[in-house]
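Content type TSV, C-alpha atoms, from the file structure.tsv:
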```
chain	number	residue	atom	x	y	z
A	216	MET	CA	0.00	0.00	0.00
A	217	ALA	CA	1.33	3.44	-0.88
A	218	GLU	CA	2.39	5.69	1.96
A	219	THR	CA	-0.18	8.33	1.01
A	220	ASP	CA	-2.95	5.72	1.38
A	221	THR	CA	-2.32	5.51	5.13
A	222	ALA	CA	-1.49	9.16	5.76
A	223	THR	CA	-3.91	11.33	7.67
A	224	PRO	CA	-5.48	14.38	5.97
A	225	ARG	CA	-3.16	16.59	8.03
A	226	GLU	CA	-0.11	14.63	6.86
A	227	ARG	CA	-1.24	14.75	3.24
A	228	TYR	CA	-1.74	18.51	3.51
A	229	ARG	CA	1.72	18.95	5.02
A	230	THR	CA	3.28	16.89	2.22
A	231	GLN	CA	1.40	18.99	-0.34
A	232	VAL	CA	2.56	22.29	1.15
A	233	ARG	CA	6.19	21.13	1.40
A	234	ALA	CA	6.08	20.08	-2.26
A	235	GLU	CA	4.69	23.51	-3.22
A	236	ILE	CA	7.40	25.25	-1.21
A	237	LYS	CA	10.07	23.24	-3.02
A	238	GLU	CA	8.55	24.09	-6.38
A	239	HIS	CA	8.67	27.82	-5.59
A	240	ALA	CA	12.24	27.38	-4.33
A	241	ARG	CA	13.27	25.76	-7.62
A	242	GLU	CA	11.72	28.67	-9.52
A	243	GLN	CA	13.67	31.13	-7.37
A	244	ILE	CA	16.91	29.21	-7.92
A	245	ALA	CA	16.30	29.12	-11.68
A	246	THR	CA	15.87	32.89	-11.70
A	247	ALA	CA	18.51	34.11	-9.24
A	248	GLY	CA	20.55	31.11	-8.06
A	249	ALA	CA	20.54	29.17	-4.81
A	250	SER	CA	22.39	31.87	-2.87
A	251	ALA	CA	19.38	34.18	-3.34
A	252	LEU	CA	16.86	31.68	-1.98
A	253	SER	CA	14.41	33.45	0.37
A	254	LEU	CA	11.83	31.67	2.51
A	255	ASN	CA	10.07	34.96	3.17
A	256	ALA	CA	9.66	35.54	-0.57
A	257	ILE	CA	8.28	32.04	-0.97
A	258	ALA	CA	5.86	32.60	1.90
A	259	LYS	CA	4.63	35.83	0.30
A	260	ARG	CA	4.16	34.06	-3.03
A	261	MET	CA	2.07	31.37	-1.31
A	262	GLY	CA	0.04	33.81	0.76
A	263	LEU	CA	1.57	32.61	4.02
A	264	SER	CA	3.28	34.47	6.83
A	265	GLY	CA	6.97	33.90	7.37
A	266	PRO	CA	6.42	32.08	10.69
A	267	ALA	CA	3.81	29.83	9.04
A	268	LEU	CA	6.28	28.70	6.39
A	269	TYR	CA	8.88	27.93	9.04
A	270	ARG	CA	6.55	25.26	10.38
A	271	TYR	CA	7.38	23.28	7.22
A	272	TYR	CA	11.09	24.04	6.93
A	273	ALA	CA	13.25	25.11	9.85
A	274	GLY	CA	15.25	27.49	7.70
A	275	ARG	CA	16.94	28.11	4.37
A	276	ASP	CA	19.52	25.37	4.89
A	277	ASP	CA	16.84	22.81	5.70
A	278	LEU	CA	15.10	23.61	2.41
A	279	ILE	CA	18.35	23.59	0.41
A	280	THR	CA	19.26	20.21	1.92
A	281	GLU	CA	16.02	18.70	0.71
A	282	LEU	CA	16.49	20.17	-2.76
A	283	VAL	CA	20.07	18.87	-2.90
A	284	GLU	CA	18.95	15.47	-1.67
A	285	ASP	CA	16.20	15.36	-4.30
A	286	ALA	CA	18.72	16.24	-7.01
A	287	TYR	CA	21.24	13.60	-5.97
A	288	ARG	CA	18.49	11.00	-5.62
A	289	SER	CA	17.17	11.81	-9.09
A	290	LEU	CA	20.64	11.57	-10.65
A	291	ALA	CA	21.51	8.38	-8.77
A	292	ASP	CA	18.29	6.76	-10.00
A	293	THR	CA	18.94	7.98	-13.55
A	294	LEU	CA	22.46	6.53	-13.65
A	295	HIS	CA	21.36	3.30	-12.01
A	296	ALA	CA	18.69	2.85	-14.69
A	297	ALA	CA	21.27	3.58	-17.41
A	298	ALA	CA	23.60	0.94	-15.95
A	299	THR	CA	20.92	-1.75	-15.86
A	300	PRO	CA	21.28	-4.50	-16.90
A	301	ASP	CA	24.73	-3.89	-18.43
A	302	PRO	CA	27.12	-1.36	-16.85
A	303	ASP	CA	28.37	0.88	-19.66
A	304	PRO	CA	30.33	4.11	-19.10
A	305	ARG	CA	29.08	5.51	-22.42
A	306	ALA	CA	25.45	5.00	-21.40
A	307	LEU	CA	26.18	6.62	-18.02
A	308	ALA	CA	27.78	9.64	-19.72
A	309	HIS	CA	24.82	10.23	-22.01
A	310	ALA	CA	22.39	9.72	-19.12
A	311	LEU	CA	24.34	12.29	-17.07
A	312	ARG	CA	24.25	14.87	-19.87
A	313	GLY	CA	20.56	14.27	-20.57
A	314	TRP	CA	19.75	14.68	-16.88
A	315	ALA	CA	21.81	17.88	-16.67
A	316	LEU	CA	20.28	19.47	-19.77
A	317	ASP	CA	16.78	18.58	-18.62
A	318	ASP	CA	17.15	20.90	-15.61
A	319	PRO	CA	20.40	22.92	-15.62
A	320	GLN	CA	19.68	24.65	-12.30
A	321	ARG	CA	19.21	21.29	-10.59
A	322	TYR	CA	22.60	20.24	-11.94
A	323	LEU	CA	24.27	23.49	-10.88
A	324	LEU	CA	22.74	23.20	-7.40
A	325	ILE	CA	24.93	20.17	-6.72
A	326	TYR	CA	27.87	20.72	-9.09
A	327	GLY	CA	27.98	24.49	-9.48
A	328	THR	CA	29.32	27.20	-7.18
A	329	PRO	CA	28.74	26.23	-3.51
A	330	VAL	CA	26.01	28.16	-1.71
A	331	PRO	CA	27.74	30.57	0.72
A	332	GLY	CA	27.39	29.42	4.32
A	333	TYR	CA	25.72	26.12	3.43
A	334	HIS	CA	27.17	22.71	4.34
A	335	ALA	CA	25.36	19.53	3.33
A	336	PRO	CA	24.78	16.99	6.12
A	337	ASP	CA	26.39	13.55	6.03
A	338	HIS	CA	23.31	11.70	4.79
A	339	VAL	CA	23.45	13.67	1.53
A	340	THR	CA	27.01	12.43	0.99
A	341	VAL	CA	25.76	8.86	1.24
A	342	ILE	CA	23.48	9.41	-1.78
A	343	ALA	CA	26.29	11.13	-3.68
A	344	ASN	CA	28.47	8.07	-3.06
A	345	GLU	CA	25.93	5.94	-4.94
A	346	LEU	CA	26.81	7.87	-8.10
A	347	MET	CA	30.49	6.99	-7.82
A	348	THR	CA	29.71	3.37	-6.99
A	349	THR	CA	27.66	3.07	-10.19
A	350	LEU	CA	30.49	4.59	-12.22
A	351	LEU	CA	33.14	2.40	-10.57
A	352	ASP	CA	31.06	-0.70	-11.28
A	353	ALA	CA	30.82	0.28	-14.95
A	354	CYS	CA	34.53	1.07	-15.26
A	355	SER	CA	35.49	-2.17	-13.49
A	356	ALA	CA	33.33	-4.23	-15.84
A	357	THR	CA	34.19	-2.65	-19.18
A	358	LEU	CA	37.57	-0.90	-19.19
A	359	PRO	CA	40.86	-2.84	-19.18
A	360	ASP	CA	43.72	-1.92	-16.86
A	361	GLY	CA	46.43	0.24	-18.39
A	362	ALA	CA	49.98	1.06	-17.39
A	363	VAL	CA	50.45	2.03	-13.75
A	364	THR	CA	50.74	5.80	-13.28
A	365	PRO	CA	51.81	7.93	-10.30
A	366	LEU	CA	48.16	8.80	-9.68
A	367	ASP	CA	47.26	5.08	-9.56
A	368	THR	CA	49.84	4.62	-6.83
A	369	HIS	CA	48.54	7.64	-4.95
A	370	LEU	CA	44.90	6.54	-5.16
A	371	GLU	CA	45.74	3.13	-3.70
A	372	LYS	CA	46.18	4.91	-0.36
A	373	HIS	CA	43.67	7.73	-0.89
A	374	ARG	CA	40.43	6.04	-1.86
A	375	ARG	CA	37.97	7.31	0.75
A	376	TRP	CA	36.04	9.12	-2.01
A	377	ALA	CA	35.35	5.69	-3.58
A	378	ALA	CA	33.25	4.63	-0.56
A	379	ASP	CA	35.13	1.35	0.04
A	380	HIS	CA	34.61	0.12	-3.53
A	381	PRO	CA	37.05	-2.77	-4.25
A	382	ALA	CA	38.12	-1.30	-7.61
A	383	SER	CA	41.80	-1.47	-8.54
A	384	PRO	CA	43.82	1.77	-8.40
A	385	ALA	CA	43.80	1.89	-12.22
A	386	VAL	CA	40.00	1.72	-12.26
A	387	LEU	CA	39.83	4.41	-9.57
A	388	HIS	CA	42.02	6.60	-11.79
A	389	ARG	CA	39.90	6.08	-14.88
A	390	ALA	CA	36.62	6.61	-13.03
A	391	LEU	CA	37.91	9.80	-11.42
A	392	THR	CA	39.20	11.10	-14.76
A	393	PHE	CA	35.94	10.17	-16.47
A	394	TRP	CA	33.90	11.97	-13.80
A	395	THR	CA	35.97	15.16	-13.67
A	396	ARG	CA	36.44	15.63	-17.42
A	397	LEU	CA	32.79	15.12	-18.30
A	398	HIS	CA	31.63	17.32	-15.44
A	399	GLY	CA	34.11	19.94	-16.59
A	400	VAL	CA	32.54	20.08	-20.04
A	401	LEU	CA	29.00	20.02	-18.64
A	402	SER	CA	29.66	22.70	-16.03
A	403	LEU	CA	31.12	25.07	-18.60
A	404	GLU	CA	28.26	24.41	-21.01
A	405	LEU	CA	25.49	24.89	-18.45
A	406	ALA	CA	27.11	28.01	-17.01
A	407	GLY	CA	27.00	29.53	-20.50
A	408	HIS	CA	30.74	29.70	-21.12
A	409	PHE	CA	30.41	28.18	-24.60
A	410	THR	CA	27.77	30.68	-25.69
A	411	GLY	CA	28.96	32.62	-28.71
A	412	MET	CA	31.98	30.39	-29.34
A	413	GLY	CA	30.34	28.94	-32.43
A	414	PHE	CA	30.66	25.19	-31.83
A	415	ASP	CA	28.31	22.43	-30.73
A	416	PRO	CA	28.92	21.46	-27.06
A	417	ALA	CA	27.34	18.06	-27.73
A	418	LEU	CA	30.16	17.25	-30.14
A	419	LEU	CA	32.78	18.38	-27.61
A	420	PHE	CA	31.18	16.17	-24.96
A	421	ALA	CA	31.14	13.23	-27.40
A	422	ALA	CA	34.79	13.81	-28.33
A	423	GLU	CA	35.83	13.87	-24.67
A	424	LEU	CA	33.87	10.69	-24.06
A	425	ASP	CA	35.46	8.94	-27.05
A	426	ASP	CA	38.92	9.96	-25.86
A	427	LEU	CA	38.19	8.66	-22.37
A	428	LEU	CA	36.92	5.32	-23.62
A	429	THR	CA	39.45	4.65	-26.35
A	430	GLY	CA	42.45	5.98	-24.45
A	431	THR	CA	41.10	4.99	-20.98
A	432	GLY	CA	41.45	8.61	-19.94
A	433	ASN	CA	44.90	8.05	-18.47
A	434	PRO	CA	47.96	10.18	-19.21
A	435	PRO	CA	51.17	8.42	-20.34
A	436	THR	CA	53.30	6.89	-17.61
A	437	HIS	CA	55.93	9.39	-16.44
A	438	GLN	CA	59.50	8.42	-17.11
A	439	GLN	CA	61.98	9.11	-14.33
```
What do you get writing this file as structure tokens?
Amino acid sequence: MAETDTATPRERYRTQVRAEIKEHAREQIATAGASALSLNAIAKRMGLSGPALYRYYAGRDDLITELVEDAYRSLADTLHAAATPDPDPRALAHALRGWALDDPQRYLLIYGTPVPGYHAPDHVTVIANELMTTLLDACSATLPDGAVTPLDTHLEKHRRWAADHPASPAVLHRALTFWTRLHGVLSLELAGHFTGMGFDPALLFAAELDDLLTGTGNPPTHQQ
């Protein structure tokens, strides 16, 4: 039975109001960015008093946390679906770009400029770790090991970001390179830095992806 089937009318109303608050918050963020988020402005838009709105969210950070959590959950589910049944880095990359272009402000909320004074709680990091686990699974299953690099050696002892995934250091390197290079292209595109440059960002993204997959994304081994 669905949760809403057993909820009381008061609980259903509270869920409805919180959803409406989040929708107004997303509109604000799309217009002026997350740093300009104002609960008082949302309350005025909804015909509520400021104190009334604070009965649903304790403050700005509480609301931002839920928006960030929603964004991470949405992306984690999107990448998980793209990796099922066969883990494929190319499918993950295209799913990531499609998700980002579908709602650029949602993407920038979690991968753009940090909101001044805001720090996400630990439970949000747990969801973010699911994204890297999905990528590491795909890289482990589909990309062969290459020559050992200095970064491979470093990552063997600095793998906390991989959330205890058993991937080899070479896979950690490729997954990290894959993640950072594709996010670099996406972040620049969504922030408007390619506007007016006269090329198709989709082709740049595809070229970066091809380079990562055919060259494994690793630099040549340094010679001492």
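All residues of protein, DNA or RNA that reach within 10 Å of range 309-318 of chain A, judged by only C-alpha atoms and not counting those fewer than 4 positions away in the chain, are Ala245, Ala286, Ser289, Leu290, Ala291, Thr293, Leu294, His295, Ala296, Ala297, Ala298, Pro304, Arg305, Tyr322, Leu323, Leu397, His398, Val400, Leu401, Ser402, Glu404, Leu405, Ala417, Phe420, Ala421 and Leu424 of chain A.
With all atoms listed in the file as the atoms that count, the residue of A:Asp352, A:Asp301, A:Asp367, A:Asp415 with the shortest distance to Pro381 in chain A is A:Asp352.
For the pair CA of Leu428 in chain A and CA of Thr349 in chain A, the interatomic distance is 16.5 Å.
Using only C-alpha atoms, the smallest distance between any of A:Ala378, A:Leu351, A:Leu254, A:Val386 and Leu366 in chain A comes from A:Val386.
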For CA of Ala377 in chain A and CA of Val341 in chain A, the interatomic separation in Å (one decimal): 11.2 Å
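What separates CA of Thr246 in chain A from CA of Gln320 in chain A is a distance of 9.1 Å.
With all atoms listed in the file as the atoms that count, the residue of A:Glu242, A:Glu235, A:Glu371, A:Asp276 with the shortest distance to Ser383 in chain A is A:Glu371.
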Exercise: Asp303 in chain A partners within 8 Å, all atoms listed in the file, chain neighbours under 6 positions left out, as a list in words: Ala297, Ala353, Cys354 and Thr357 of chain A
Can you spit out the residues from that selection as a PDB file, in the coordinates of the input, using C-alpha atoms?
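Output below, filename again01.pdb:
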```
ATOM      1  CA  ALA A 297      21.270   3.580 -17.410  1.00  0.00           C
ATOM      2  CA  ALA A 353      30.820   0.280 -14.950  1.00  0.00           C
ATOM      3  CA  CYS A 354      34.530   1.070 -15.260  1.00  0.00           C
ATOM      4  CA  THR A 357      34.190  -2.650 -19.180  1.00  0.00           C
TER       5      THR A 357
END
```
Answer as a PyMOL selection string, residues within 12 Å of (6.1, 33.3, -1.3) using only C-alpha atoms: chain A and resi 232+235-240+242-243+252-265+267-269
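With only C-alpha atoms as the atoms that count, the residue of A:His380, A:Thr299, A:Arg233, A:Thr221 with the shortest distance to Glu281 in chain A is A:Arg233.
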Contact residues around Asp379 in chain A with all atoms listed in the file at 10 Å, ignoring same-chain residues under 3 positions, as a ChimeraX atom specification: /A:344,348,374-376,382
Best match for closeness to Glu345 in chain A among A:Tyr287, A:Tyr333, A:Phe393, A:Tyr326, counting only C-alpha atoms: A:Tyr287
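Distance check against Met347 in chain A using all atoms listed in the file: of A:Arg389, A:His334, A:Arg321, A:His369, the minimum falls on A:Arg389.
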Edge lengths and centre in Å, axis-aligned, range 403-409 of chain A plus 8 Å each side, as lines of an AutoDock Vina configuration file:
```
center_x = 28.3
center_y = 27.1
center_z = -20.8
size_x = 21.6
size_y = 21.3
size_z = 23.6
```
Have range 396-407 of chain A completed to all heavy atoms, please, and pass it along as a compact mmCIF listing (two decimals), keeping the file's coordinate frame.
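Below you can see out-v1.txt, which holds the result:
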```
# COMPACT_ATOMS: atom_id res chain seq x y z
N ARG A 396 36.40 15.04 -16.08
CA ARG A 396 36.44 15.63 -17.42
C ARG A 396 35.04 15.88 -17.97
O ARG A 396 34.77 16.93 -18.57
CB ARG A 396 37.24 14.73 -18.36
CG ARG A 396 38.75 14.91 -18.18
CD ARG A 396 39.55 13.98 -19.07
NE ARG A 396 39.32 14.18 -20.49
CZ ARG A 396 39.99 13.51 -21.43
NH1 ARG A 396 40.93 12.64 -21.08
NH2 ARG A 396 39.74 13.74 -22.71
N LEU A 397 34.14 14.92 -17.78
CA LEU A 397 32.79 15.12 -18.30
C LEU A 397 32.06 16.20 -17.53
O LEU A 397 31.32 17.00 -18.11
CB LEU A 397 32.02 13.80 -18.28
CG LEU A 397 32.56 12.72 -19.23
CD1 LEU A 397 31.64 11.52 -19.25
CD2 LEU A 397 32.78 13.25 -20.65
N HIS A 398 32.25 16.24 -16.21
CA HIS A 398 31.63 17.32 -15.44
C HIS A 398 32.23 18.67 -15.82
O HIS A 398 31.54 19.69 -15.79
CB HIS A 398 31.81 17.08 -13.94
CG HIS A 398 30.74 16.22 -13.35
ND1 HIS A 398 29.41 16.57 -13.36
CD2 HIS A 398 30.80 15.02 -12.73
CE1 HIS A 398 28.69 15.63 -12.77
NE2 HIS A 398 29.51 14.68 -12.39
N GLY A 399 33.51 18.68 -16.17
CA GLY A 399 34.11 19.94 -16.59
C GLY A 399 33.44 20.49 -17.83
O GLY A 399 33.10 21.68 -17.89
N VAL A 400 33.22 19.64 -18.82
CA VAL A 400 32.54 20.08 -20.04
C VAL A 400 31.11 20.52 -19.74
O VAL A 400 30.65 21.58 -20.19
CB VAL A 400 32.54 18.96 -21.10
CG1 VAL A 400 31.72 19.37 -22.32
CG2 VAL A 400 33.97 18.63 -21.53
N LEU A 401 30.39 19.70 -18.96
CA LEU A 401 29.00 20.02 -18.64
C LEU A 401 28.88 21.32 -17.86
O LEU A 401 28.00 22.14 -18.12
CB LEU A 401 28.37 18.88 -17.84
CG LEU A 401 27.83 17.70 -18.63
CD1 LEU A 401 27.37 16.60 -17.70
CD2 LEU A 401 26.69 18.13 -19.55
N SER A 402 29.73 21.49 -16.87
CA SER A 402 29.66 22.70 -16.03
C SER A 402 29.89 23.95 -16.85
O SER A 402 29.19 24.96 -16.68
CB SER A 402 30.68 22.61 -14.88
OG SER A 402 30.37 21.54 -14.01
N LEU A 403 30.86 23.91 -17.75
CA LEU A 403 31.12 25.07 -18.60
C LEU A 403 29.94 25.32 -19.54
O LEU A 403 29.54 26.47 -19.76
CB LEU A 403 32.40 24.84 -19.41
CG LEU A 403 33.71 24.91 -18.62
CD1 LEU A 403 34.87 24.42 -19.47
CD2 LEU A 403 33.97 26.33 -18.13
N GLU A 404 29.39 24.25 -20.09
CA GLU A 404 28.26 24.41 -21.01
C GLU A 404 27.05 25.01 -20.29
O GLU A 404 26.44 25.98 -20.77
CB GLU A 404 27.87 23.06 -21.61
CG GLU A 404 26.66 23.14 -22.53
CD GLU A 404 26.23 21.79 -23.08
OE1 GLU A 404 26.84 20.76 -22.73
OE2 GLU A 404 25.27 21.77 -23.87
N LEU A 405 26.70 24.45 -19.13
CA LEU A 405 25.49 24.89 -18.45
C LEU A 405 25.64 26.28 -17.83
O LEU A 405 24.65 26.99 -17.64
CB LEU A 405 25.10 23.87 -17.38
CG LEU A 405 24.71 22.49 -17.92
CD1 LEU A 405 24.36 21.54 -16.79
CD2 LEU A 405 23.55 22.59 -18.90
N ALA A 406 26.87 26.66 -17.53
CA ALA A 406 27.11 28.01 -17.01
C ALA A 406 27.18 29.04 -18.13
O ALA A 406 27.35 30.23 -17.86
CB ALA A 406 28.39 28.04 -16.19
N GLY A 407 27.04 28.61 -19.38
CA GLY A 407 27.00 29.53 -20.50
C GLY A 407 28.33 29.95 -21.06
O GLY A 407 28.40 30.87 -21.89
```
